[in-house]
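*Asks:* Sharing target-v6.txt below, compact mmCIF, C-alpha atoms:
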```txt
# COMPACT_ATOMS: atom_id res chain seq x y z
CA MET B 454 -12.42 15.07 -11.20
CA ASN B 455 -15.97 15.61 -12.45
CA LYS B 456 -18.12 16.27 -9.37
CA THR B 457 -21.07 14.22 -10.62
CA LEU B 458 -22.52 13.86 -7.12
CA ASP B 459 -22.35 17.52 -6.06
CA GLY B 460 -25.13 18.31 -3.60
CA ARG B 461 -25.93 14.67 -2.94
CA VAL B 462 -25.92 13.11 0.53
CA ALA B 463 -24.73 9.51 0.83
CA ILE B 464 -24.75 6.96 3.64
CA VAL B 465 -22.29 4.06 3.52
CA THR B 466 -22.60 1.32 6.14
CA GLY B 467 -19.56 -0.63 7.25
CA ALA B 468 -17.38 2.17 5.91
CA GLY B 469 -14.53 2.11 8.42
CA SER B 470 -12.31 -0.12 6.29
CA GLY B 471 -12.09 -2.21 3.14
CA LEU B 472 -14.76 -1.76 0.50
CA GLY B 473 -16.85 0.58 2.60
CA ARG B 474 -13.94 2.95 3.12
CA ALA B 475 -13.11 2.89 -0.61
CA HIS B 476 -16.77 3.59 -1.45
CA ALA B 477 -17.00 6.49 1.01
CA LEU B 478 -13.82 8.10 -0.33
CA ALA B 479 -14.94 7.65 -3.94
CA LEU B 480 -18.35 9.18 -3.28
CA ALA B 481 -16.70 12.13 -1.56
CA ARG B 482 -14.28 12.64 -4.46
CA HIS B 483 -17.30 12.88 -6.74
CA GLY B 484 -18.80 15.61 -4.55
CA ALA B 485 -21.15 13.75 -2.21
CA ARG B 486 -21.43 14.55 1.47
CA VAL B 487 -20.94 11.24 3.23
CA VAL B 488 -22.17 9.61 6.42
CA VAL B 489 -19.43 7.11 7.30
CA ASN B 490 -21.16 4.41 9.31
CA ASP B 491 -19.13 1.82 11.21
CA VAL B 492 -20.19 -0.26 14.19
CA ALA B 493 -16.84 0.34 15.92
CA GLY B 494 -18.08 3.82 16.81
CA ALA B 495 -17.77 7.48 15.84
CA HIS B 496 -15.33 8.56 18.54
CA GLU B 497 -11.84 9.92 18.02
CA GLY B 498 -9.59 7.06 16.92
CA SER B 499 -12.39 4.87 15.58
CA PRO B 500 -12.12 3.60 11.97
CA GLY B 501 -15.27 5.43 10.86
CA ARG B 502 -14.09 8.69 12.35
CA ALA B 503 -10.72 8.27 10.64
CA VAL B 504 -12.40 7.89 7.24
CA ALA B 505 -14.68 10.89 7.85
CA ASP B 506 -11.67 12.98 8.91
CA GLU B 507 -9.79 11.88 5.79
CA ILE B 508 -12.66 13.11 3.63
CA VAL B 509 -12.78 16.44 5.44
CA ARG B 510 -9.02 16.94 5.14
CA ALA B 511 -9.36 16.43 1.38
CA GLY B 512 -11.92 19.25 1.24
CA GLY B 513 -15.10 17.19 1.43
CA SER B 514 -17.96 16.94 3.91
CA ALA B 515 -18.46 13.89 6.10
CA MET B 516 -19.68 12.75 9.47
CA ALA B 517 -18.99 9.53 11.35
CA ASP B 518 -21.78 7.35 12.69
CA GLY B 519 -21.35 4.38 15.01
CA GLY B 520 -24.80 2.83 14.66
CA ASP B 521 -25.23 -0.94 14.47
CA VAL B 522 -27.16 -1.94 11.34
CA THR B 523 -28.89 -4.72 13.28
CA ASP B 524 -30.53 -2.03 15.45
CA PHE B 525 -33.32 -0.27 13.55
CA ALA B 526 -33.45 2.59 16.07
CA ALA B 527 -29.76 3.24 15.42
CA MET B 528 -30.40 3.41 11.69
CA GLU B 529 -33.29 5.81 12.24
CA ALA B 530 -31.03 7.99 14.39
CA MET B 531 -28.34 7.92 11.69
CA ALA B 532 -30.82 9.04 9.04
CA ALA B 533 -32.15 11.77 11.33
CA ARG B 534 -28.63 13.11 11.87
CA ALA B 535 -27.99 13.26 8.14
CA LEU B 536 -31.27 15.09 7.55
CA ALA B 537 -30.59 17.54 10.36
CA GLU B 538 -27.13 18.30 9.01
CA TRP B 539 -27.72 18.29 5.26
CA GLY B 540 -31.49 18.28 4.67
CA ARG B 541 -31.74 15.24 2.41
CA ILE B 542 -30.56 11.66 1.82
CA ASP B 543 -29.92 10.69 -1.79
CA ILE B 544 -27.74 7.60 -1.65
CA LEU B 545 -27.61 4.53 0.58
CA VAL B 546 -24.87 1.95 0.18
CA ASN B 547 -25.54 -1.18 2.23
CA ASN B 548 -22.04 -2.53 2.70
CA ALA B 549 -21.82 -3.72 6.33
CA GLY B 550 -21.18 -7.43 6.69
CA VAL B 551 -19.69 -10.29 8.69
CA LEU B 552 -18.58 -13.83 7.96
CA ARG B 553 -19.22 -16.98 9.97
CA ASP B 554 -17.96 -19.63 7.53
CA ARG B 555 -18.50 -23.34 8.22
CA SER B 556 -20.01 -26.23 6.36
CA PHE B 557 -23.74 -26.41 7.00
CA SER B 558 -23.44 -29.60 9.06
CA LYS B 559 -21.05 -27.84 11.47
CA MET B 560 -22.70 -24.42 11.47
CA THR B 561 -24.67 -23.31 14.51
CA LEU B 562 -28.04 -21.66 14.08
CA GLU B 563 -26.64 -18.69 15.99
CA ASP B 564 -23.98 -18.19 13.32
CA PHE B 565 -26.58 -18.55 10.58
CA ARG B 566 -28.84 -15.95 12.21
CA ARG B 567 -25.97 -13.56 12.87
CA VAL B 568 -25.00 -13.39 9.22
CA MET B 569 -28.63 -13.00 8.13
CA ASP B 570 -29.16 -10.27 10.74
CA VAL B 571 -26.20 -8.18 9.60
CA HIS B 572 -26.41 -8.60 5.84
CA LEU B 573 -30.12 -8.94 5.23
CA MET B 574 -31.88 -7.30 8.17
CA GLY B 575 -29.12 -4.71 8.47
CA SER B 576 -29.85 -3.65 4.90
CA VAL B 577 -33.61 -3.73 5.54
CA HIS B 578 -33.17 -1.49 8.59
CA ALA B 579 -31.05 1.03 6.71
CA VAL B 580 -33.42 1.14 3.74
CA LYS B 581 -36.47 1.48 5.98
CA ALA B 582 -34.79 4.40 7.77
CA VAL B 583 -34.33 6.37 4.52
CA TRP B 584 -37.18 5.10 2.33
CA GLU B 585 -39.84 7.68 3.18
CA THR B 586 -37.33 10.51 2.85
CA MET B 587 -36.42 9.30 -0.64
CA ARG B 588 -40.07 8.91 -1.57
CA ALA B 589 -40.90 12.43 -0.37
CA GLN B 590 -38.02 14.02 -2.28
CA ARG B 591 -38.79 11.81 -5.29
CA TYR B 592 -35.19 10.74 -5.65
CA GLY B 593 -33.05 7.95 -4.27
CA ARG B 594 -30.24 5.60 -5.15
CA ILE B 595 -29.77 2.40 -3.13
CA VAL B 596 -27.12 -0.26 -3.56
CA MET B 597 -27.23 -3.68 -1.90
CA THR B 598 -23.96 -5.58 -1.60
CA THR B 599 -24.59 -9.07 -2.91
CA SER B 600 -21.97 -11.70 -3.70
CA SER B 601 -21.02 -14.41 -6.14
CA SER B 602 -21.51 -16.73 -3.16
CA GLY B 603 -25.19 -15.85 -3.20
CA LEU B 604 -25.54 -15.84 -6.97
CA TYR B 605 -23.64 -19.06 -7.61
CA GLY B 606 -22.94 -20.71 -4.24
CA ASN B 607 -19.76 -21.30 -2.27
CA PHE B 608 -18.81 -24.24 -0.05
CA GLY B 609 -19.00 -23.38 3.63
CA GLN B 610 -21.06 -20.23 3.17
CA SER B 611 -24.69 -21.32 3.33
CA ASN B 612 -25.55 -18.46 5.72
CA TYR B 613 -23.69 -15.83 3.70
CA SER B 614 -25.05 -17.20 0.40
CA ALA B 615 -28.64 -17.14 1.68
CA ALA B 616 -28.29 -13.58 2.95
CA LYS B 617 -26.65 -12.31 -0.22
CA MET B 618 -29.24 -13.87 -2.53
CA ALA B 619 -32.03 -12.51 -0.35
CA LEU B 620 -30.66 -9.03 -1.04
CA VAL B 621 -31.16 -9.62 -4.76
CA GLY B 622 -34.83 -10.38 -4.14
CA LEU B 623 -35.12 -7.29 -1.96
CA MET B 624 -33.59 -5.20 -4.72
CA GLN B 625 -35.98 -6.55 -7.34
CA THR B 626 -39.11 -5.58 -5.44
CA LEU B 627 -37.87 -2.28 -4.01
CA ALA B 628 -36.87 -1.17 -7.51
CA LEU B 629 -40.43 -1.81 -8.68
CA GLU B 630 -41.99 -0.09 -5.68
CA GLY B 631 -39.67 2.93 -5.89
CA GLU B 632 -39.83 3.45 -9.64
CA ARG B 633 -42.48 6.21 -9.60
CA GLN B 634 -40.44 8.22 -7.09
CA ASP B 635 -37.21 7.79 -9.11
CA ILE B 636 -35.72 5.51 -6.45
CA ARG B 637 -33.31 3.22 -8.27
CA VAL B 638 -32.11 0.08 -6.54
CA ASN B 639 -29.18 -2.05 -7.67
CA CYS B 640 -26.83 -4.76 -6.41
CA LEU B 641 -23.05 -4.78 -6.40
CA ALA B 642 -21.21 -8.11 -6.25
CA PRO B 643 -17.58 -7.20 -5.49
CA THR B 644 -14.41 -9.21 -5.49
CA ALA B 645 -11.85 -7.36 -3.40
CA ALA B 646 -9.09 -7.98 -0.91
CA THR B 647 -10.50 -7.11 2.49
CA ALA B 648 -10.19 -8.38 6.05
CA MET B 649 -12.70 -11.08 5.08
CA THR B 650 -10.44 -12.50 2.34
CA GLU B 651 -7.14 -12.68 4.25
CA GLY B 652 -5.81 -16.22 4.26
CA VAL B 653 -8.28 -17.29 1.58
CA LEU B 654 -6.48 -16.07 -1.56
CA PRO B 655 -2.76 -16.06 -2.45
CA PRO B 656 -0.87 -12.76 -2.03
CA GLU B 657 -0.44 -12.15 -5.76
CA ALA B 658 -4.20 -12.42 -6.30
CA LEU B 659 -4.95 -10.23 -3.29
CA ALA B 660 -2.68 -7.55 -4.73
CA ARG B 661 -4.89 -7.43 -7.81
CA LEU B 662 -8.12 -7.26 -5.79
CA GLN B 663 -7.91 -3.79 -4.33
CA PRO B 664 -11.22 -2.30 -3.08
CA ASP B 665 -10.46 0.87 -5.08
CA TYR B 666 -10.98 -1.13 -8.26
CA VAL B 667 -14.59 -1.85 -7.27
CA SER B 668 -15.73 1.62 -6.22
CA PRO B 669 -16.02 3.11 -9.75
CA GLY B 670 -18.78 0.56 -10.32
CA LEU B 671 -20.47 1.67 -7.11
CA VAL B 672 -20.37 5.32 -8.19
CA ALA B 673 -21.94 4.36 -11.53
CA LEU B 674 -24.84 2.72 -9.67
CA VAL B 675 -25.71 5.85 -7.65
CA GLY B 676 -25.44 8.66 -10.20
CA GLU B 677 -28.19 10.69 -11.85
CA ASP B 678 -28.24 8.29 -14.82
CA ALA B 679 -27.90 5.11 -12.77
CA PRO B 680 -29.66 1.97 -13.98
CA THR B 681 -32.10 0.12 -11.77
CA ARG B 682 -32.39 -3.61 -11.02
CA THR B 683 -28.85 -4.21 -12.20
CA ILE B 684 -26.58 -6.80 -10.59
CA LEU B 685 -23.10 -5.43 -11.25
CA LEU B 686 -20.10 -7.69 -10.68
CA ALA B 687 -16.79 -5.89 -10.15
CA GLY B 688 -13.23 -6.73 -9.27
CA ALA B 689 -9.62 -6.48 -10.41
CA GLY B 690 -10.62 -3.89 -13.02
CA SER B 691 -13.33 -6.07 -14.57
CA PHE B 692 -17.07 -5.39 -14.64
CA GLU B 693 -19.86 -7.80 -15.58
CA SER B 694 -23.59 -8.10 -14.97
CA ALA B 695 -25.57 -11.07 -13.72
CA ASN B 696 -29.18 -11.86 -14.59
CA LEU B 697 -31.83 -14.17 -13.22
CA THR B 698 -33.29 -15.77 -16.32
CA MET B 699 -36.14 -18.06 -17.29
CA THR B 700 -35.69 -20.60 -20.07
CA ARG B 701 -38.16 -21.15 -22.87
CA GLY B 702 -38.95 -24.52 -21.30
CA ILE B 703 -41.60 -26.94 -22.50
CA PHE B 704 -45.37 -27.32 -22.44
CA ILE B 705 -47.01 -30.71 -22.00
CA ASP B 706 -50.62 -30.72 -23.16
CA GLY B 707 -53.17 -32.50 -21.03
CA SER B 708 -53.44 -33.14 -17.31
CA ASP B 709 -52.13 -36.70 -17.14
CA TYR B 710 -48.42 -36.02 -17.60
CA THR B 711 -46.15 -37.62 -15.06
CA ALA B 712 -43.06 -36.72 -13.05
CA ALA B 713 -41.19 -39.27 -15.15
CA GLU B 714 -42.04 -37.33 -18.30
CA VAL B 715 -40.84 -34.07 -16.75
CA ALA B 716 -37.64 -35.74 -15.61
CA ALA B 717 -37.04 -37.27 -19.04
CA ARG B 718 -37.27 -33.83 -20.67
CA MET B 719 -35.16 -31.99 -18.09
CA ASP B 720 -32.43 -31.19 -20.63
CA GLU B 721 -35.06 -29.51 -22.82
CA ILE B 722 -36.39 -27.57 -19.85
CA ARG B 723 -32.91 -26.38 -18.93
CA ASP B 724 -31.91 -25.45 -22.51
CA ARG B 725 -30.84 -21.78 -22.31
CA ALA B 726 -31.50 -20.92 -25.95
CA ASP B 727 -33.99 -18.03 -26.09
CA GLU B 728 -33.99 -17.59 -22.31
CA ARG B 729 -35.47 -14.34 -21.00
CA VAL B 730 -35.08 -11.97 -18.05
CA PRO B 731 -38.58 -11.46 -16.59
CA GLY B 732 -39.56 -7.91 -15.69
CA THR B 733 -41.59 -9.07 -12.68
CA GLY B 734 -42.39 -12.33 -10.93
CA PHE B 735 -45.85 -12.28 -12.53
CA GLU B 736 -44.28 -12.85 -15.94
CA GLN B 737 -43.78 -16.50 -14.98
CA TYR B 738 -47.57 -16.80 -14.79
CA GLN B 739 -47.94 -15.02 -18.13
CA TRP B 740 -45.37 -17.18 -19.89
CA GLU B 741 -46.66 -20.48 -18.58
CA LEU B 742 -50.30 -19.67 -19.24
CA SER B 743 -49.51 -18.32 -22.72
CA LYS B 744 -48.03 -21.70 -23.63
CA ALA B 745 -51.27 -23.25 -22.44
CA GLY B 746 -53.27 -20.91 -24.70
CA PHE B 747 -54.25 -18.15 -22.25
CA GLU B 748 -53.33 -14.48 -22.58
CA VAL B 749 -53.05 -12.85 -19.15
CA PRO B 750 -52.45 -9.10 -18.73
CA LEU B 751 -50.11 -7.78 -16.06
CA PRO B 752 -51.92 -6.80 -12.85
CA HIS B 753 -52.22 -3.07 -12.13
```
Mind turning this structure into structure tokens?
*Replies:*
Amino acid sequence: MNKTLDGRVAIVTGAGSGLGRAHALALARHGARVVVNDVAGAHEGSPGRAVADEIVRAGGSAMADGGDVTDFAAMEAMAARALAEWGRIDILVNNAGVLRDRSFSKMTLEDFRRVMDVHLMGSVHAVKAVWETMRAQRYGRIVMTTSSSGLYGNFGQSNYSAAKMALVGLMQTLALEGERQDIRVNCLAPTAATAMTEGVLPPEALARLQPDYVSPGLVALVGEDAPTRTILLAGAGSFESANLTMTRGIFIDGSDYTAAEVAARMDEIRDRADERVPGTGFEQYQWELSKAGFEVPLPH
């Protein structure tokens, strides 16, 4: 196999099983040294330790880490261990996650917060722990694990959907802020058979949704020539991209237009012909003001 990640150091959170394990093994096969993070611990017999040992037995380099992503100090300690051992951190894969599925009317606020804490704040903590290292070395590749539930919604997953869509927003801004230091930030939206999908999908579908089928997409998002600000969907051997677009919309001249007029033209507003993918949030201002006759430069 082409060792495209030789010399790189990668951290994968939630890597003791499922997608995280598949990602860690794939990164190692491509030459990366891997920190296998899993909240179950780093001791002998723990899932994270088993994955790290598997990598080492195959001739790679790995260490297990038992830090909880919801604990920023633990993420700082994890990053410090990687730096002490290998001198750099090139890749961060935010994969750790939990589910607390219920319809919103039956969901407790505790379950909502728990999912936000692990998926969103857990990713924030891990990124914050490595961000200055990546800036200083002028190189970094970060992947957030989003979901079709966040992009498109899913009944009974308001907490998970909110957290996963928040990660898209985090990606968008971090990619802009890290661009000068060659820090590229992307999202991966996987469909895979994991512990979180047992009992949800029929066995024949689960057999097609192996985590190994997703990890090639992950490797493509962290290489030297990786894109940035890409939302990559992957599963069952298929790969797609998702985009947040803005339609051409309408312009109503004058200041006396009414809500009724806007409502009456909603089909026009939602027409996706000639829709665009804005480069930054400010482009909404530019587009709307340009239709009103004003040319507004991007802020510096």
*Asks:* Got a sec: who's within 8 Å of Ala579 (chain B), counting all atoms listed in the file, leaving out chain neighbours fewer than 5 positions off, as a ChimeraX atom specification?
*Replies:* /B:522,525,528-529,545,547
*Asks:* Tell me, as JSON, numbers by chain, which residues lie within 7 Å of Gly520 (chain B), counting all atoms listed in the file; anything in the same chain fewer than 5 positions away does not count.
*Replies:* {"B": [490, 491, 492, 527, 528, 531]}
*Asks:* If you measure from CA of Arg510 (chain B) to CA of Asp459 (chain B), what distance in Å do you get, rounded to one decimal?
*Replies:*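 Answer for the CA of Arg510 (chain B) to CA of Asp459 (chain B) separation: 17.4 Å.
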*Asks:* Which value, in Å to one decimal, gives the distance between CA of Gly513 (chain B) and CA of Pro664 (chain B)?
*Replies:* 20.4 Å
*Asks:* Up to 12 Å from (-2.2, -9.4, -7.3) in the file's coordinates: name the residues, counting all atoms listed in the file, as a list in words.
*Replies:*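 The answer, in the requested form, is Ala645, Ala646, Leu654, Pro655, Pro656, Glu657, Ala658, Leu659, Ala660, Arg661, Leu662, Gln663, Gly688, Ala689 and Gly690 of chain B.
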*Asks:* Report, in Å to a single decimal, how far apart CA of Val462 (chain B) and CA of Ile542 (chain B) are.
*Replies:* 5.0 Å
*Asks:* For each of B:Trp539, B:Phe565, B:Trp584, B:Phe747, take the minimum atom-to-atom distance to Arg553 (chain B), counting all atoms listed in the file, then give the residue where this is smallest.
*Replies:*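 Closest to Arg553 (chain B) of all the choices is B:Phe565.
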*Asks:* Please identify all polymer residues within 10 Å of Ala468 (chain B), counting all atoms listed in the file, omitting same-chain residues fewer than 2 positions from it, and present them as a VMD selection string.
*Replies:* chain B and resid 464 to 466 470 to 478 488 to 492 500 to 502 504 to 505 517 to 518 546 to 549
*Asks:* Would you put the residues from that selection into a file with C-alpha atoms, as a PDB file, in the frame of the given file?
*Replies:*
```pdb
ATOM      1  CA  ILE B 464     -24.750   6.960   3.640  1.00  0.00           C
ATOM      2  CA  VAL B 465     -22.290   4.060   3.520  1.00  0.00           C
ATOM      3  CA  THR B 466     -22.600   1.320   6.140  1.00  0.00           C
ATOM      4  CA  SER B 470     -12.310  -0.120   6.290  1.00  0.00           C
ATOM      5  CA  GLY B 471     -12.090  -2.210   3.140  1.00  0.00           C
ATOM      6  CA  LEU B 472     -14.760  -1.760   0.500  1.00  0.00           C
ATOM      7  CA  GLY B 473     -16.850   0.580   2.600  1.00  0.00           C
ATOM      8  CA  ARG B 474     -13.940   2.950   3.120  1.00  0.00           C
ATOM      9  CA  ALA B 475     -13.110   2.890  -0.610  1.00  0.00           C
ATOM     10  CA  HIS B 476     -16.770   3.590  -1.450  1.00  0.00           C
ATOM     11  CA  ALA B 477     -17.000   6.490   1.010  1.00  0.00           C
ATOM     12  CA  LEU B 478     -13.820   8.100  -0.330  1.00  0.00           C
ATOM     13  CA  VAL B 488     -22.170   9.610   6.420  1.00  0.00           C
ATOM     14  CA  VAL B 489     -19.430   7.110   7.300  1.00  0.00           C
ATOM     15  CA  ASN B 490     -21.160   4.410   9.310  1.00  0.00           C
ATOM     16  CA  ASP B 491     -19.130   1.820  11.210  1.00  0.00           C
ATOM     17  CA  VAL B 492     -20.190  -0.260  14.190  1.00  0.00           C
ATOM     18  CA  PRO B 500     -12.120   3.600  11.970  1.00  0.00           C
ATOM     19  CA  GLY B 501     -15.270   5.430  10.860  1.00  0.00           C
ATOM     20  CA  ARG B 502     -14.090   8.690  12.350  1.00  0.00           C
ATOM     21  CA  VAL B 504     -12.400   7.890   7.240  1.00  0.00           C
ATOM     22  CA  ALA B 505     -14.680  10.890   7.850  1.00  0.00           C
ATOM     23  CA  ALA B 517     -18.990   9.530  11.350  1.00  0.00           C
ATOM     24  CA  ASP B 518     -21.780   7.350  12.690  1.00  0.00           C
ATOM     25  CA  VAL B 546     -24.870   1.950   0.180  1.00  0.00           C
ATOM     26  CA  ASN B 547     -25.540  -1.180   2.230  1.00  0.00           C
ATOM     27  CA  ASN B 548     -22.040  -2.530   2.700  1.00  0.00           C
ATOM     28  CA  ALA B 549     -21.820  -3.720   6.330  1.00  0.00           C
TER      29      ALA B 549
END
```
*Asks:* Would you pick out the contacts of region 597-604 of chain B at 8 Å or less, using all atoms listed in the file, so that residues sharing its chain but fewer than 5 positions from it are not included, and give the list as a CSV table (one decimal) with C-alpha atoms, keeping the file's coordinate frame?
*Replies:*
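Resulting contents of out18.csv:
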```
chain,number,residue,atom,x,y,z
B,546,VAL,CA,-24.9,2.0,0.2
B,547,ASN,CA,-25.5,-1.2,2.2
B,548,ASN,CA,-22.0,-2.5,2.7
B,576,SER,CA,-29.8,-3.6,4.9
B,610,GLN,CA,-21.1,-20.2,3.2
B,613,TYR,CA,-23.7,-15.8,3.7
B,614,SER,CA,-25.0,-17.2,0.4
B,615,ALA,CA,-28.6,-17.1,1.7
B,616,ALA,CA,-28.3,-13.6,3.0
B,617,LYS,CA,-26.6,-12.3,-0.2
B,618,MET,CA,-29.2,-13.9,-2.5
B,620,LEU,CA,-30.7,-9.0,-1.0
B,621,VAL,CA,-31.2,-9.6,-4.8
B,624,MET,CA,-33.6,-5.2,-4.7
B,638,VAL,CA,-32.1,0.1,-6.5
B,639,ASN,CA,-29.2,-2.0,-7.7
B,640,CYS,CA,-26.8,-4.8,-6.4
B,641,LEU,CA,-23.0,-4.8,-6.4
B,642,ALA,CA,-21.2,-8.1,-6.2
B,643,PRO,CA,-17.6,-7.2,-5.5
```
*Asks:* Pick out the closest residue to Asp706 (chain B) from this set: B:Arg461, B:Asp724, B:Gly732, B:Leu742. Count only C-alpha atoms.
*Replies:*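 When distances to Asp706 (chain B) are compared using only C-alpha atoms, the smallest one comes from B:Leu742.
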*Asks:* Would you mind completing region 512-526 of chain B to N, CA and C atoms and writing the output as an mmCIF file, keeping the file's coordinate frame?
*Replies:*
```cif
data_model
loop_
_atom_site.group_PDB
_atom_site.id
_atom_site.type_symbol
_atom_site.label_atom_id
_atom_site.label_comp_id
_atom_site.auth_asym_id
_atom_site.auth_seq_id
_atom_site.Cartn_x
_atom_site.Cartn_y
_atom_site.Cartn_z
ATOM 1 N N GLY B 512 -11.031 18.180 1.691
ATOM 2 C CA GLY B 512 -11.920 19.250 1.240
ATOM 3 C C GLY B 512 -13.371 18.857 1.115
ATOM 4 N N GLY B 513 -13.719 17.640 1.524
ATOM 5 C CA GLY B 513 -15.100 17.190 1.430
ATOM 6 C C GLY B 513 -15.858 17.363 2.722
ATOM 7 N N SER B 514 -17.095 16.873 2.722
ATOM 8 C CA SER B 514 -17.960 16.940 3.910
ATOM 9 C C SER B 514 -18.313 15.517 4.328
ATOM 10 N N ALA B 515 -18.161 15.238 5.616
ATOM 11 C CA ALA B 515 -18.460 13.890 6.100
ATOM 12 C C ALA B 515 -18.737 13.934 7.589
ATOM 13 N N MET B 516 -19.479 12.958 8.045
ATOM 14 C CA MET B 516 -19.680 12.750 9.470
ATOM 15 C C MET B 516 -19.577 11.256 9.761
ATOM 16 N N ALA B 517 -19.084 10.928 10.931
ATOM 17 C CA ALA B 517 -18.990 9.530 11.350
ATOM 18 C C ALA B 517 -20.221 9.142 12.127
ATOM 19 N N ASP B 518 -20.635 7.887 11.962
ATOM 20 C CA ASP B 518 -21.780 7.350 12.690
ATOM 21 C C ASP B 518 -21.436 5.952 13.174
ATOM 22 N N GLY B 519 -21.705 5.673 14.444
ATOM 23 C CA GLY B 519 -21.350 4.380 15.010
ATOM 24 C C GLY B 519 -22.514 3.423 15.186
ATOM 25 N N GLY B 520 -23.615 3.657 14.492
ATOM 26 C CA GLY B 520 -24.800 2.830 14.660
ATOM 27 C C GLY B 520 -24.627 1.410 14.142
ATOM 28 N N ASP B 521 -25.231 0.467 14.844
ATOM 29 C CA ASP B 521 -25.230 -0.940 14.470
ATOM 30 C C ASP B 521 -26.386 -1.193 13.509
ATOM 31 N N VAL B 522 -26.100 -1.730 12.328
ATOM 32 C CA VAL B 522 -27.160 -1.940 11.340
ATOM 33 C C VAL B 522 -28.213 -2.926 11.816
ATOM 34 N N THR B 523 -27.888 -3.775 12.776
ATOM 35 C CA THR B 523 -28.890 -4.720 13.280
ATOM 36 C C THR B 523 -29.884 -4.063 14.220
ATOM 37 N N ASP B 524 -29.666 -2.803 14.541
ATOM 38 C CA ASP B 524 -30.530 -2.030 15.450
ATOM 39 C C ASP B 524 -31.271 -0.977 14.635
ATOM 40 N N PHE B 525 -32.563 -1.190 14.394
ATOM 41 C CA PHE B 525 -33.320 -0.270 13.550
ATOM 42 C C PHE B 525 -33.338 1.138 14.129
ATOM 43 N N ALA B 526 -33.448 1.256 15.448
ATOM 44 C CA ALA B 526 -33.450 2.590 16.070
ATOM 45 C C ALA B 526 -32.154 3.332 15.775
#
```
